[in-house]
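Please read the structure below before turning to the comments.
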Amino acid sequence: MAKPFEFELLHVCKQTGARRGRLHTPHGVIETPIYMPVGTQASVKTMSPDELKDCGAQIILSNTYHLHLRPGEELVRKAGGLHEFMHWDRPILTDSGGFQVFSLADLRKLTDAGVEFRSHLDGSKQFISPEISIGIQEALGSDIAMQFDECSPYPCDYTRARDAMYRTLRWLERCMKAKSRPDQALFGIVQGAFYSDLRIECAKEMAKLDLPGFGIGGLSVGEPKEVMYEMLEKMMPFMPEGKPRYLMGVGSPDCLIEGVLRGIDMFDCVLATRVARNGTVFTHDGRLVVRNAKYAEDFSPLDADCDCYACKNFTRAYIRHLFKAGEILALRLNSIHNIWFLTHMMDEIRAAIENDCLLDWANEFYARHGRGNW
RNA sequence: GUGGGUGUAGCUCAGUUGGUUAGAGUGCCAGGUUGUGGCCCUGGAGGCCGAGAGUUCGAGUCUCUUCACCCACC
């Protein structure tokens, strides 16, 4: 029997060095590399838990910041925890709220103590510290909690990036001290903006800590993809080999592939569900904006090579009609398809790693639509 | 038949005492979206201002004629 949060490194692709692993959690096993759909407010927008399972989702994300503001973690605790509350019996990972403070809250004051900011919901003054973030996440009862971190913007000058990186390290220690639930894992988050020396130092410091996994934060914040890939290559040798590496907030199909090729084990991203709700789907031939007029009389599925519920039963013309008519089913079908597309793409990637042929698989994947225009 | 009202973008309308290249919303078309503030953001196309004549340096705007539609009265 595996220990809680044990990460088994099952195989390393001889062709690429990509990793095939297995992460154990109280709510089940996660096969890696994996894409995790995002359900910020205890819901992957427009999708029911059953539909998520049908799409092959093994684990979903939820969010400390949003659930703290509404409905509040105490309510979730009374409901029996997040799993019970949202009727999801597979693993859940909660983001700490650090990124939300960086990306959407009206940031008031950032000190070593924590962050004081205004709620985006009602403007009320709020305060989150590493201890408070852990407290919220323990009340929510997620399987994996993320440390409260400071995410640097892009671009970011060296001094600010260095300060954010060291603060993130200090906050990680406080998160570890505040942590009390043995049935919840805590991941650190490597920061350091786009300075490889900061990234490497951060990774080295975190590697000294006995943690079940590590996030890589502060990437995919507006920089060119090549810049992100280069940063991953430089820092990856310093990430602990026996622990899962979670590239936060990534991404598009090509970014997932490139991430796996560089040693990433876990990804999450809102892109798939967000673009879905705005009329775009991923297909084996690239992105398809199904609301475009050219699909008005196209009675083929979104993606001919897809077995998802939307592709098996509905046409582009119908989904375009639903979209133009403002019907909610359009958002749902697009979301179902995009989640299916990424989870099954990762299935193929895992198989390719096991067969030591991920590079061949990637080249084949790119052959249809190209490498850079996703 | 008489009196009144309305005609401006596909649709609903704004347009000042007459004054640059006639606007908005919506719809249409096309991009965008990367640890989610769920119908979003950005851009584009689209007008002989019902038609004709007149006044004026200049008319969507003023005058006359005419056409269409609406309302009231007979």
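Chain labels follow the order of the structure tokens: the first chain is A, the next B, and so on; residue numbering restarts at 1 in every chain, and ligands are counted from 1 in their shown order.
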Exercise: Ala193 in chain A partners within 10 Å, only C-alpha atoms (C1' of nucleotides), chain neighbours under 5 positions left out, as a VMD selection string: chain A and resid 151 to 158 160 to 162 164 to 165 198 to 199 217 to 219 221 228 231
Interface residues on chain B facing chain A, 7 Å, only C-alpha atoms (C1' of nucleotides), written as a PyMOL selection string: chain B and resi 33-39
Residue selection dump (N, CA, C and O atoms (P, O5', C5', C4', C3', O3' and C1' of nucleotides)) as a compact mmCIF listing (two decimals), in the first residue's frame:
# COMPACT_ATOMS: atom_id res chain seq x y z
P U B 33 -5.03 34.40 -27.16
O5' U B 33 -5.70 34.48 -25.73
C5' U B 33 -5.45 35.58 -24.85
C4' U B 33 -6.54 35.59 -23.81
C3' U B 33 -6.55 34.32 -22.94
O3' U B 33 -6.74 34.63 -21.59
C1' U B 33 -8.65 34.61 -24.03
P U B 34 -5.45 34.77 -20.61
O5' U B 34 -4.98 33.25 -20.39
C5' U B 34 -5.90 32.30 -19.82
C4' U B 34 -5.08 31.15 -19.24
C3' U B 34 -3.96 31.60 -18.29
O3' U B 34 -3.90 30.80 -17.12
C1' U B 34 -3.07 30.32 -20.10
P G B 35 -5.16 30.79 -16.10
O5' G B 35 -4.96 29.79 -14.88
C5' G B 35 -3.73 29.86 -14.11
C4' G B 35 -4.10 29.12 -12.86
C3' G B 35 -4.77 30.03 -11.83
O3' G B 35 -6.20 29.87 -11.95
C1' G B 35 -2.84 28.99 -10.91
P U B 36 -7.20 30.70 -10.77
O5' U B 36 -7.97 31.85 -11.58
C5' U B 36 -8.43 31.55 -12.89
C4' U B 36 -9.38 32.63 -13.33
C3' U B 36 -10.50 32.88 -12.27
O3' U B 36 -10.57 34.23 -11.84
C1' U B 36 -11.39 31.98 -14.35
P G B 37 -10.65 35.61 -11.91
O5' G B 37 -12.20 36.02 -12.09
C5' G B 37 -13.07 35.63 -11.08
C4' G B 37 -14.39 36.35 -11.26
C3' G B 37 -14.84 36.45 -12.69
O3' G B 37 -16.21 36.09 -12.73
C1' G B 37 -14.70 38.60 -11.71
P G B 38 -16.80 34.73 -13.12
O5' G B 38 -16.78 34.91 -14.69
C5' G B 38 -17.83 35.43 -15.38
C4' G B 38 -18.17 34.43 -16.45
C3' G B 38 -19.58 34.63 -16.95
O3' G B 38 -19.56 35.59 -17.98
C1' G B 38 -19.23 32.35 -16.46
P C B 39 -20.77 36.60 -18.15
O5' C B 39 -21.28 36.35 -19.62
C5' C B 39 -20.39 35.92 -20.61
C4' C B 39 -20.97 36.23 -21.95
C3' C B 39 -21.86 37.47 -21.98
O3' C B 39 -21.72 38.09 -23.23
C1' C B 39 -23.14 35.58 -22.53
Which of range 113-326 of chain A DSSP labels helix (DSSP H, G or I), written as a PyMOL selection string: chain A and resi 130-140+158-178+196-207+225-238+253-261+271-277+293-295+309-313+316-324
Given only C-alpha atoms as the counted atoms, nearest of A:Ser142, A:Gln126, A:Asn338, A:Thr343 to Asp183 in chain A: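 So, comparing all the options, the nearest one is A:Ser142.
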Test item: residues at most 12 Å from G50 in chain B, only C-alpha atoms (C1' of nucleotides), excluding those fewer than 4 positions along its chain, as a ChimeraX atom specification: /B:6-8,66-69
d(CA of Leu211 in chain A, CA of Asp163 in chain A) in Å: 22.5 Å
Strand (DSSP E or B) call set, DSSP backbone run, range 193-284 of chain A, as a PyMOL selection string: chain A and resi 213-216+245-247+250+266-268+280-283
For the residues in that selection, give me C-alpha atoms as a compact mmCIF listing (two decimals), in the first residue's frame.
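Output (part-v7.txt):
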# COMPACT_ATOMS: atom_id res chain seq x y z
CA GLY A 213 5.27 18.09 -4.54
CA PHE A 214 6.18 21.43 -6.05
CA GLY A 215 4.42 23.99 -8.17
CA ILE A 216 6.14 26.19 -10.68
CA ARG A 245 6.24 19.04 -10.71
CA TYR A 246 3.16 21.12 -11.29
CA LEU A 247 3.33 23.88 -13.90
CA VAL A 250 -0.64 26.11 -18.28
CA MET A 266 0.89 18.29 -13.67
CA PHE A 267 -0.91 21.17 -15.34
CA ASP A 268 -4.02 23.20 -14.75
CA THR A 280 -13.48 28.20 -29.59
CA VAL A 281 -12.58 24.51 -29.42
CA PHE A 282 -9.35 22.56 -29.72
CA THR A 283 -9.20 20.00 -32.51
Distance of CA of His284 in chain A from CA of Asp265 in chain A, expressed in Å to one decimal place: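 These two atoms are separated by 22.3 Å.
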Non-local contacts of range 51-65 of chain B (12 Å; only C-alpha atoms (C1' of nucleotides); under 4 positions in same chain excluded) as a PyMOL selection string: chain B and resi 7-8+14-20+22-23+47
One-decimal distance in Å that lies between CA of Thr25 in chain A and CA of Pro91 in chain A: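 Computing the Euclidean distance for CA of Pro91 in chain A and CA of Thr25 in chain A yields 6.8 Å.
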G43 in chain B surroundings by only C-alpha atoms (C1' of nucleotides), 12 Å radius, close-in-sequence under 3 positions cut, as a VMD selection string: chain B and resid 29 to 32
Shell around Asp303 in chain A at 10 Å using only C-alpha atoms (C1' of nucleotides), local window under 5 positions removed, as number ranges by chain: A: 281-286, 288, 308, 310-312, 315-316, 337, 341
Selection: 6 Å around range 67-74 of chain A, only C-alpha atoms (C1' of nucleotides), excl. self and same-chain fewer than 2 positions, as a list in words: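 Counting only the stated atoms, we get Thr64, Tyr65, Val76, Arg77, Ile136, Ala139 and Leu140 of chain A.
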